[in-house]
Amino acid sequence: MSAVWVDREATRPRSKALTRLRATGPAGIASAVVIAVAMFVAVFGPLLAPYPPNLPNLSLAWAGPAGGHLLGYDFAGRDVLSRLLAGAPVTMLGPLAVVIVSVTAGTLLAVTTAWRRGASDAVISSGLDIVFAFPGILLAMLAAAVFGASLTAAAIALSIAYLPYVARVVRGAALRERSQPYIAALEVQGAPATSICLRHLVPNIAPLILAQATILFGYAMVDLAAISFLGLGVQPPAASWGGMIAENQDGIVQGYPLPALAAGVCIVTVVIAVNVLGERLFDQAQAAPR
Amino acid sequence: MSDSPLLEVAGLTVRLSVNGAKLAVLRDVSLTVRPGEAVGLVGESGSGKSMTARAIDRLLPDRAEVQGSIRFGGADVSGLAGADLRRYRSQVAMIFQDPRAHVNPVRRVGDFMTEVLRTNFGVPAAQARRRAVDMLAQVGIEDGARRLRQYPHQMSGGMLQRVMIAAALLTGPRLLLADEPTTALDVSTQAEVMAILASLRRGSGLAMLFITHDLELAAATCDRTAVMYAGQIVEIRASALLHGDPLHPYTAALAAARPDIAQTAHRLRAIPGRPLSAFEAPAGECAFAPRCAYVRDICRAAVPGLVQLGGGVSRCARAGELRGHLQAAPGG
Amino acid sequence: MADTSGAPVLEATGLRKEFGGLVAVDDVSFRLRPGRSLAIVGASGSGKTTIARMIVGLERPTSGSIAACGHDRSRPARSARDRRRRGREVQIVFQDPYTSLDPRQDAEAAIDEVLRLHHGWPAGRRRARTAELTGLVGLDARQSRAMPRSLSGGQRQRVAIARALAADPAVLILDESVAALDVSIQAQILNLLADIRDQTHLSYILISHDLAVVRQLTDHTLVLHRGTVVERGPTARVLDHPQHPCTQRLRASVPRPGWKPARRGPPDTGKDAGPR
């Protein structure tokens with residue numbers, strides 16, 4: 001006995017990710033393109049550098065764009081474009097590591113407290129509140145003071161600093177999801193809590209977590225660039241975009257803004273793209289039909 | 001009850017844009033409400049009953065395509081704007097299924113209740129509050145002054161619904177649109193609210209369009225009942241005659257599908273399939289044909305028009321010949 | 001496993017639940033025999049949903065005891081094995097079809113997950129049982145593999161029922177499970193529940209405020225008011241000849257031709273008497 005119904009899924013989308021991307025609008029798509037390019041450069045950057053990024057030639061310091069040197073030379077006579085490409089991996093993999101660590105740990109903590117509620121929730125939340133009090137850069141300075149300045153120390157410090165942000169957002173979403181009847185139905189079935197959390201609760205808040213992660217990536221990039229700018233992250237002569245702004249800042253007042261500006265523009269572009277995409281994905285996750 | 005209708009909906013057809021497509025949600029809806037009369041509007045999901053109420057209260061989304069006319073007190077409602085529209089809304093009040101979704105939770109109940117009086121009618125605040133307290137007493141809330149100072153979350157669902165009714169009646173409307181006002185309430189509270197509505201209407205001669213999915217409730221509390229299916233009116237009948245002498249197979253099937261509180265049936269007479277929206281219904285034939293026990297070729301030939309029969313109307317192509325045979329008939 | 005020996009399949013004694021200072025359930029006792037159906041009715045705040053939640057372990061009784069199939073379940077389960085066993089004794093179908101399914105799981109996956117939880121069957125046997133269950137609740141192939149968002153309320157409730165039955169419980173609690181459905185769909189689901197009961201000798205506990213549904217599906221009724229049982233008896237007798245004023249008021253609140261709802265009853269204190 002077949003009733004008349006309408007198959008709303010009649011045109012099965014080829015890929016859920018692609019449809020979600022298309023739904024973010026032109027800004028979202030443009031951002032995704034920028035991020036794709038950035039990721040490509042992050043992986044292949046050093047191989048694409050046309051000139052040795054770390055070879056100084058002071059006689060060419062501050063020289064403008066000429067021949068194959070599209071962006072000119074920096075304060076030490078090194079090719080700016082090559083340094084940008086060489087510095088790309090470290091500038092973007094650092095934030096990536098920070099995001100992966102803080103989002104994983106934060107989600108774990110948040111889901112645990114949301115599931116158990118009660119005493120453990122209170123204790124963990126208080127602990128996170130204490131960490132909240134420390135700005136990321138401050139923690140990075142502390143880490144540099146204790147362990148010596150390096151990208152690793154800075155990344156770990158930032159991961160700890162970002163933990164409460166992730167945990168707070170994810171905990172809210174997890175609490176809401178926890179109180180849904182389908183979770184209760186699984187509890188009544190006798191399914192173990194870890195199984196319910198990993199296979200049902202987290203996947204249903206995953207879009208939100210992902211959106212939060214992309215937003216955090218932008219923050220991490222700026223923070224790490226600032227930390228490198230302060231000399232506490234990637235150590236010279238290794239290239240990093242934040243470091244490039246620091247080492248070339250004198251050029252701005254001397255009339256050679258291009259090296260510092262180029263690095264700055266790269267940072268800003270990637271951060272904006274990640275933020276825009278992250279926000280669009282977040283809105284989409286909030287508005288999704290169930 | 002005078003004869004000239006207070007509300008006259010004629011040939012109302014509404015299409016909404018959904019994901020780029022234009023979907024029909026109401027098709028050729030016509031009904032009238034006379035002054036002081038209570039008309040029930042009954043339907044299942046997709047029937048269009050809520051959409052009809054929203055159309056009457058000018059609450060449709062901007063991009064909705066509306067054809068047909070809605071006249072209140074003789075005047076066309078679609079062209080109203082600004083002060084005229086506000087005046088119209090004070091004459092036609094609406095209450096909803098979930099009162100909590102329609103109040104600002106961070107404002108006191110008193111602010112919400114007196115707002116329209118103060119802003120649209122220039123009534124001084126103290127006087128507006130007095131009228132609010134009086135109206136709360138009429139809906140059975142005794143300590144009105146204290147209630148006005150409370151926030152919505154401090155009230156139960158039943159009490160908040162009574163507050164909404166009081167608020168709706170403060171402007172002295174001539175027509176009340178009630179969109180499933182008791183669906184979210186338990187059966188005892190529902191009875192209270194219906195009793196309050198009945199006594200308020202008796203006192204003021206207020207007309208009411210009562211939207212519900214509950215055929216028994218509409219038939220028991222309204223003078224006439226209209227039944228909707230797939231965005232169309234399929235029957236309008238005096239409530240007293242609805243169960244004994246229905247004019248459309250869907251009405252009969254709907255009534256037959258309900259369990260009987262007085263006896264246990266071996267199995268209920270369920271209608272096969274599921275209720276459709278206007279845009280899902282098959283084109284060019286009776287929308288109920290796929291589920292109807294009385295379907296014949298004539299039903300699939302064209303969308304049936306409304307026929308007058310026995311004081312009511314029916315959209316059944318076989319209304320005349322089926323009259324009198326529908327009451328004891330199986331639904332499927 | 002449905003037991004036909006006659007021993008009660010569910011027994012509650014002196015159940016009490018307090019939330020802070022508020023007594024939501026007070027001294028509620030009842031017994032459910034195999035194959036029988038019990039209704040728990042009452043106004044909002046009467047404690048009926050709290051009782052259901054205590055039976056399935058979502059709330060813990062403040063005092064009193066509950067035993068299902070002879071096993072006590074008044075205290076939280078100690079081990080995963082206990083939890084699973086309780087899942088095979090009592091299952092529940094919730095009211096809202098739109099939130100009682102995992103939005104990312106189709107019916108077959110949901111049922112398969114339950115089967116894997118309770119049985120160590122090979123995939124082939126699980127598939128066969130899944131097909132049996134989806135057929136039992138009237139879902140066709142497309143519906144069994146569709147995501148919940150493509151299913152209507154009635155179809156989603158069928159999935160929820162199939163998922164509950166996958167555990168092969170002795171008792172199924174229906175917590176207002178048809179209240180959110182259209183009348184014509186409600187009739188289909190009520191017929192389905194009656195069919196299932198005939199085939200499996202399942203026992204139902206129906207929480208409902210709809211007395212006509214209660215009449216159709218159950219043979220015994222408990223009437224609750226503010227957490228206590230004010231009347232109990234065969235459903236037909238309780239509905240046709242209510243003794244207690246609360247029951248009489250409930251009965252009189254049902255619309256019927258010639259109905260004149262009167263404004264009577266205790267004044268509304270304005271706040272819910274407690275969680276539902």
# chains A, B, ... in the order shown; residues from 1 in each chain; ligands from 1
call {"tool": "closest_atom_pairs", "arguments": {"of": "chain C", "to": "chain B", "cutoff": "6 Å", "atoms": "only C-alpha atoms", "output": "JSON lines"}}
result
{"residue": "C:Ala43", "atom": "CA", "partner": "B:Asp186", "partner_atom": "CA", "distance": 6.0}
{"residue": "C:Asp182", "atom": "CA", "partner": "B:Glu44", "partner_atom": "CA", "distance": 5.6}
{"residue": "C:Ser184", "atom": "CA", "partner": "B:Ile271", "partner_atom": "CA", "distance": 5.7}
{"residue": "C:Ala187", "atom": "CA", "partner": "B:Ala270", "partner_atom": "CA", "distance": 5.1}
{"residue": "C:Gln188", "atom": "CA", "partner": "B:Ala270", "partner_atom": "CA", "distance": 5.4}
{"residue": "C:Asn191", "atom": "CA", "partner": "B:Arg267", "partner_atom": "CA", "distance": 5.7}
{"residue": "C:Ala212", "atom": "CA", "partner": "B:Ile261", "partner_atom": "CA", "distance": 4.0}
{"residue": "C:Val213", "atom": "CA", "partner": "B:Pro259", "partner_atom": "CA", "distance": 5.9}
{"residue": "C:Arg215", "atom": "CA", "partner": "B:Ile261", "partner_atom": "CA", "distance": 5.7}
{"residue": "C:Gln216", "atom": "CA", "partner": "B:Thr264", "partner_atom": "CA", "distance": 4.8}
{"residue": "C:Leu250", "atom": "CA", "partner": "B:Ser188", "partner_atom": "CA", "distance": 5.9}
{"residue": "C:Ser253", "atom": "CA", "partner": "B:Ala191", "partner_atom": "CA", "distance": 5.3}
{"residue": "C:Pro255", "atom": "CA", "partner": "B:Leu217", "partner_atom": "CA", "distance": 5.3}
{"residue": "C:Arg256", "atom": "CA", "partner": "B:Ala220", "partner_atom": "CA", "distance": 5.6}
{"residue": "C:Pro257", "atom": "CA", "partner": "B:Ala220", "partner_atom": "CA", "distance": 4.9}
{"residue": "C:Trp259", "atom": "CA", "partner": "B:Ala220", "partner_atom": "CA", "distance": 5.8}
{"residue": "C:Pro261", "atom": "CA", "partner": "B:Ala195", "partner_atom": "CA", "distance": 5.0}
{"residue": "C:Ala262", "atom": "CA", "partner": "B:Ala195", "partner_atom": "CA", "distance": 5.6}
{"residue": "C:Arg263", "atom": "CA", "partner": "B:Glu192", "partner_atom": "CA", "distance": 5.7}
{"residue": "C:Gly270", "atom": "CA", "partner": "B:Ser156", "partner_atom": "CA", "distance": 5.5}
{"residue": "C:Lys271", "atom": "CA", "partner": "B:Ser156", "partner_atom": "CA", "distance": 4.6}
{"residue": "C:Asp272", "atom": "CA", "partner": "B:Ser156", "partner_atom": "CA", "distance": 5.3}
call {"tool": "select_by_dssp", "arguments": {"residues": "stretch 39-273 of chain C", "states": "strand (DSSP E or B)", "output": "number ranges by chain"}}
result
C: 39-41, 63-68, 71-72, 90-93, 171-175, 203-207, 220-225, 228-234
call {"tool": "closest_atom_pairs", "arguments": {"of": "chain C", "to": "chain A", "cutoff": "6 Å", "atoms": "only C-alpha atoms", "output": "tab-separated table"}}
result
residue	atom	partner	partner_atom	distance
C:Arg83	CA	A:Gly190	CA	4.5
C:Arg84	CA	A:Gly190	CA	4.2
C:Gly87	CA	A:Gln189	CA	4.3
C:Thr99	CA	A:Pro181	CA	5.9
C:Ser100	CA	A:Tyr182	CA	4.1
C:Leu101	CA	A:Tyr182	CA	4.9
C:Asp102	CA	A:Tyr182	CA	5.8
C:Pro103	CA	A:Arg290	CA	5.9
C:Arg149	CA	A:Arg290	CA	5.5
call {"tool": "residues_around", "arguments": {"residues": "A:Leu151", "least_positions_apart": "5", "cutoff": "10 Å", "atoms": "only C-alpha atoms", "output": "number ranges by chain"}}
result
A: 90-91, 94, 140, 144, 156-157, 224, 227-228, 232-235
call {"tool": "write_last_selection", "arguments": {"atoms": "C-alpha atoms", "output": "tab-separated table (two decimals), in the first residue's frame"}}
result
chain	number	residue	atom	x	y	z
A	90	VAL	CA	56.01	26.59	9.70
A	91	THR	CA	53.64	29.54	9.77
A	94	GLY	CA	52.16	25.60	13.83
A	140	ALA	CA	54.00	31.52	25.49
A	144	ALA	CA	59.89	30.53	26.35
A	156	ILE	CA	52.16	23.91	23.41
A	157	ALA	CA	51.57	27.10	25.38
A	224	LEU	CA	52.00	32.52	16.66
A	227	ILE	CA	55.03	35.33	19.19
A	228	SER	CA	57.51	34.95	16.35
A	232	LEU	CA	59.89	33.86	21.10
A	233	GLY	CA	58.76	31.44	18.43
A	234	VAL	CA	60.51	30.46	15.26
A	235	GLN	CA	64.08	31.55	15.63
call {"tool": "closest_residue", "arguments": {"among": "B:Asp111, B:Val234, B:Leu206, B:Asn19", "to": "chain A", "atoms": "only C-alpha atoms"}}
result
B:Asn19
call {"tool": "closest_atom_pairs", "arguments": {"of": "chain B", "to": "chain A", "cutoff": "12 Å", "atoms": "only C-alpha atoms", "output": "JSON lines"}}
result
{"residue": "B:Asn19", "atom": "CA", "partner": "A:Ala23", "partner_atom": "CA", "distance": 11.5}
{"residue": "B:Ile271", "atom": "CA", "partner": "A:Ala3", "partner_atom": "CA", "distance": 10.3}
{"residue": "B:Pro272", "atom": "CA", "partner": "A:Ala3", "partner_atom": "CA", "distance": 7.1}
{"residue": "B:Gly273", "atom": "CA", "partner": "A:Ala3", "partner_atom": "CA", "distance": 4.2}
{"residue": "B:Arg274", "atom": "CA", "partner": "A:Ala3", "partner_atom": "CA", "distance": 6.5}
{"residue": "B:Pro275", "atom": "CA", "partner": "A:Val4", "partner_atom": "CA", "distance": 9.0}
{"residue": "B:Leu276", "atom": "CA", "partner": "A:Trp5", "partner_atom": "CA", "distance": 7.6}
{"residue": "B:Ser277", "atom": "CA", "partner": "A:Trp5", "partner_atom": "CA", "distance": 9.7}
{"residue": "B:Ala278", "atom": "CA", "partner": "A:Val6", "partner_atom": "CA", "distance": 11.6}
{"residue": "B:Phe279", "atom": "CA", "partner": "A:Val6", "partner_atom": "CA", "distance": 9.4}
{"residue": "B:Glu280", "atom": "CA", "partner": "A:Val6", "partner_atom": "CA", "distance": 6.4}
{"residue": "B:Ala281", "atom": "CA", "partner": "A:Val4", "partner_atom": "CA", "distance": 7.8}
{"residue": "B:Pro282", "atom": "CA", "partner": "A:Val4", "partner_atom": "CA", "distance": 8.2}
{"residue": "B:Ala283", "atom": "CA", "partner": "A:Val4", "partner_atom": "CA", "distance": 12.0}
{"residue": "B:Ala287", "atom": "CA", "partner": "A:Val4", "partner_atom": "CA", "distance": 10.2}
{"residue": "B:Phe288", "atom": "CA", "partner": "A:Val4", "partner_atom": "CA", "distance": 10.3}
{"residue": "B:Ala289", "atom": "CA", "partner": "A:Val4", "partner_atom": "CA", "distance": 10.4}
{"residue": "B:Pro290", "atom": "CA", "partner": "A:Ala3", "partner_atom": "CA", "distance": 7.3}
{"residue": "B:Arg291", "atom": "CA", "partner": "A:Ala3", "partner_atom": "CA", "distance": 7.6}
{"residue": "B:Cys292", "atom": "CA", "partner": "A:Ala3", "partner_atom": "CA", "distance": 11.3}
{"residue": "B:Gly332", "atom": "CA", "partner": "A:Met1", "partner_atom": "CA", "distance": 11.2}
call {"tool": "residues_around", "arguments": {"residues": "stretch 298-305 of chain B", "least_positions_apart": "4", "cutoff": "6 Å", "atoms": "only C-alpha atoms", "output": "PDB file with C-alpha atoms, in the first residue's frame"}}
result
ATOM      1  CA  GLY B 284      -5.785  17.831 -11.698  1.00  0.00           C
ATOM      2  CA  GLU B 285      -7.693  15.499  -9.408  1.00  0.00           C
ATOM      3  CA  CYS B 286      -9.206  15.333  -5.961  1.00  0.00           C
ATOM      4  CA  ARG B 315     -15.539  19.500  -2.216  1.00  0.00           C
ATOM      5  CA  ALA B 317     -17.135  15.107  -6.655  1.00  0.00           C
TER       6      ALA B 317
END
call {"tool": "residues_around", "arguments": {"residues": "stretch 43-54 of chain A", "least_positions_apart": "4", "cutoff": "8 Å", "atoms": "only C-alpha atoms", "output": "PDB file with N, CA and C atoms, in the first residue's frame"}}
result
ATOM      1  N   MET A  39      47.115  25.893   1.808  1.00  0.00           N
ATOM      2  CA  MET A  39      47.498  24.550   2.209  1.00  0.00           C
ATOM      3  C   MET A  39      48.496  23.960   1.227  1.00  0.00           C
ATOM      4  N   ARG A  78      67.822  38.828   0.924  1.00  0.00           N
ATOM      5  CA  ARG A  78      67.272  37.517   0.546  1.00  0.00           C
ATOM      6  C   ARG A  78      65.970  37.734  -0.222  1.00  0.00           C
ATOM      7  N   ASP A  79      65.652  36.817  -1.124  1.00  0.00           N
ATOM      8  CA  ASP A  79      64.450  36.951  -1.943  1.00  0.00           C
ATOM      9  C   ASP A  79      63.210  36.815  -1.063  1.00  0.00           C
ATOM     10  N   VAL A  80      62.387  37.829  -1.111  1.00  0.00           N
ATOM     11  CA  VAL A  80      61.208  37.850  -0.248  1.00  0.00           C
ATOM     12  C   VAL A  80      60.244  36.717  -0.598  1.00  0.00           C
ATOM     13  N   LEU A  81      59.993  36.541  -1.880  1.00  0.00           N
ATOM     14  CA  LEU A  81      59.042  35.511  -2.294  1.00  0.00           C
ATOM     15  C   LEU A  81      59.501  34.139  -1.819  1.00  0.00           C
ATOM     16  N   SER A  82      60.783  33.874  -1.978  1.00  0.00           N
ATOM     17  CA  SER A  82      61.301  32.570  -1.548  1.00  0.00           C
ATOM     18  C   SER A  82      61.148  32.401  -0.050  1.00  0.00           C
ATOM     19  N   ARG A  83      61.379  33.460   0.679  1.00  0.00           N
ATOM     20  CA  ARG A  83      61.257  33.351   2.134  1.00  0.00           C
ATOM     21  C   ARG A  83      59.802  33.136   2.531  1.00  0.00           C
ATOM     22  N   LEU A  85      57.568  31.605   0.715  1.00  0.00           N
ATOM     23  CA  LEU A  85      57.238  30.216   0.408  1.00  0.00           C
ATOM     24  C   LEU A  85      57.903  29.257   1.396  1.00  0.00           C
ATOM     25  N   ALA A  86      59.127  29.557   1.753  1.00  0.00           N
ATOM     26  CA  ALA A  86      59.830  28.672   2.683  1.00  0.00           C
ATOM     27  C   ALA A  86      59.237  28.760   4.077  1.00  0.00           C
ATOM     28  N   GLY A  87      58.782  29.926   4.429  1.00  0.00           N
ATOM     29  CA  GLY A  87      58.242  30.114   5.768  1.00  0.00           C
ATOM     30  C   GLY A  87      56.805  29.673   5.907  1.00  0.00           C
ATOM     31  N   ALA A  88      56.179  29.349   4.749  1.00  0.00           N
ATOM     32  CA  ALA A  88      54.757  28.998   4.803  1.00  0.00           C
ATOM     33  C   ALA A  88      54.459  27.782   5.687  1.00  0.00           C
ATOM     34  N   PRO A  89      55.205  26.692   5.516  1.00  0.00           N
ATOM     35  CA  PRO A  89      54.847  25.509   6.305  1.00  0.00           C
ATOM     36  C   PRO A  89      54.830  25.802   7.802  1.00  0.00           C
ATOM     37  N   PRO A 237      67.761  32.217  11.580  1.00  0.00           N
ATOM     38  CA  PRO A 237      67.347  32.757  10.288  1.00  0.00           C
ATOM     39  C   PRO A 237      66.193  32.028   9.626  1.00  0.00           C
ATOM     40  N   ALA A 238      65.594  31.015  10.326  1.00  0.00           N
ATOM     41  CA  ALA A 238      64.473  30.307   9.701  1.00  0.00           C
ATOM     42  C   ALA A 238      63.371  31.289   9.348  1.00  0.00           C
ATOM     43  N   ALA A 239      62.773  31.098   8.213  1.00  0.00           N
ATOM     44  CA  ALA A 239      61.752  32.047   7.770  1.00  0.00           C
ATOM     45  C   ALA A 239      60.421  31.734   8.422  1.00  0.00           C
TER      46      ALA A 239
END
call {"tool": "closest_residue", "arguments": {"among": "B:Ser50, B:Ser17, B:Thr212, B:Asn120", "to": "C:Val183", "atoms": "only C-alpha atoms"}}
result
B:Thr212
call {"tool": "select_by_dssp", "arguments": {"residues": "stretch 77-305 of chain B", "states": "alpha helix (DSSP H)", "output": "ChimeraX atom specification"}}
result
/B:82-91,109-121,125-138,144-148,157-169,187-204,215-221,239-242,249-257,297-301
call {"tool": "atom_distance", "arguments": {"atom1": "atom CA of C:Ala107", "atom2": "atom CA of C:Gly154"}}
result
13.4 Å
call {"tool": "residues_around", "arguments": {"residues": "stretch 234-248 of chain C", "least_positions_apart": "3", "cutoff": "9 Å", "atoms": "only C-alpha atoms", "output": "PyMOL selection string"}}
result
(chain B and resi 261-264) or (chain C and resi 38-39+42+211+214-215+218-225+230-231+251-253)
call {"tool": "write_last_selection", "arguments": {"atoms": "C-alpha atoms", "output": "mmCIF file, in the first residue's frame"}}
result
data_model
loop_
_atom_site.group_PDB
_atom_site.id
_atom_site.type_symbol
_atom_site.label_atom_id
_atom_site.label_comp_id
_atom_site.auth_asym_id
_atom_site.auth_seq_id
_atom_site.Cartn_x
_atom_site.Cartn_y
_atom_site.Cartn_z
ATOM 1 C CA ILE B 261 -13.499 6.814 24.819
ATOM 2 C CA ALA B 262 -16.614 4.795 25.482
ATOM 3 C CA GLN B 263 -15.479 1.521 23.960
ATOM 4 C CA THR B 264 -12.506 -0.448 22.755
ATOM 5 C CA LEU C 38 -1.340 -0.453 31.926
ATOM 6 C CA ALA C 39 -2.149 3.221 31.436
ATOM 7 C CA GLY C 42 -3.071 12.453 34.990
ATOM 8 C CA LEU C 211 -8.303 9.093 27.450
ATOM 9 C CA VAL C 214 -6.048 4.884 26.807
ATOM 10 C CA ARG C 215 -9.364 3.158 26.248
ATOM 11 C CA THR C 218 -4.966 -0.614 27.710
ATOM 12 C CA ASP C 219 -6.844 -2.841 30.112
ATOM 13 C CA HIS C 220 -5.843 -1.257 33.424
ATOM 14 C CA THR C 221 -5.464 2.380 34.397
ATOM 15 C CA LEU C 222 -3.760 4.280 37.189
ATOM 16 C CA VAL C 223 -4.889 7.839 37.754
ATOM 17 C CA LEU C 224 -2.278 10.147 39.221
ATOM 18 C CA HIS C 225 -2.726 13.494 40.854
ATOM 19 C CA VAL C 230 -5.916 8.529 43.373
ATOM 20 C CA GLU C 231 -7.728 5.803 41.505
ATOM 21 C CA ARG C 251 -13.238 12.480 32.188
ATOM 22 C CA ALA C 252 -15.419 15.563 32.003
ATOM 23 C CA SER C 253 -12.668 17.469 30.211
#
call {"tool": "atom_distance", "arguments": {"atom1": "atom CA of B:Val116", "atom2": "atom CA of B:Thr171"}}
result
7.8 Å
call {"tool": "residues_around", "arguments": {"residues": "stretch 95-104 of chain B", "least_positions_apart": "6", "cutoff": "8 Å", "atoms": "only C-alpha atoms", "output": "list in words"}}
result
Phe112, Pro152, Gly157, Leu160, Gln161, Met164, Ile165, Ala168, Leu176, Leu177, Ala178, Asp179, Glu180, Pro181, Thr182, Thr183 and Ala184 of chain B
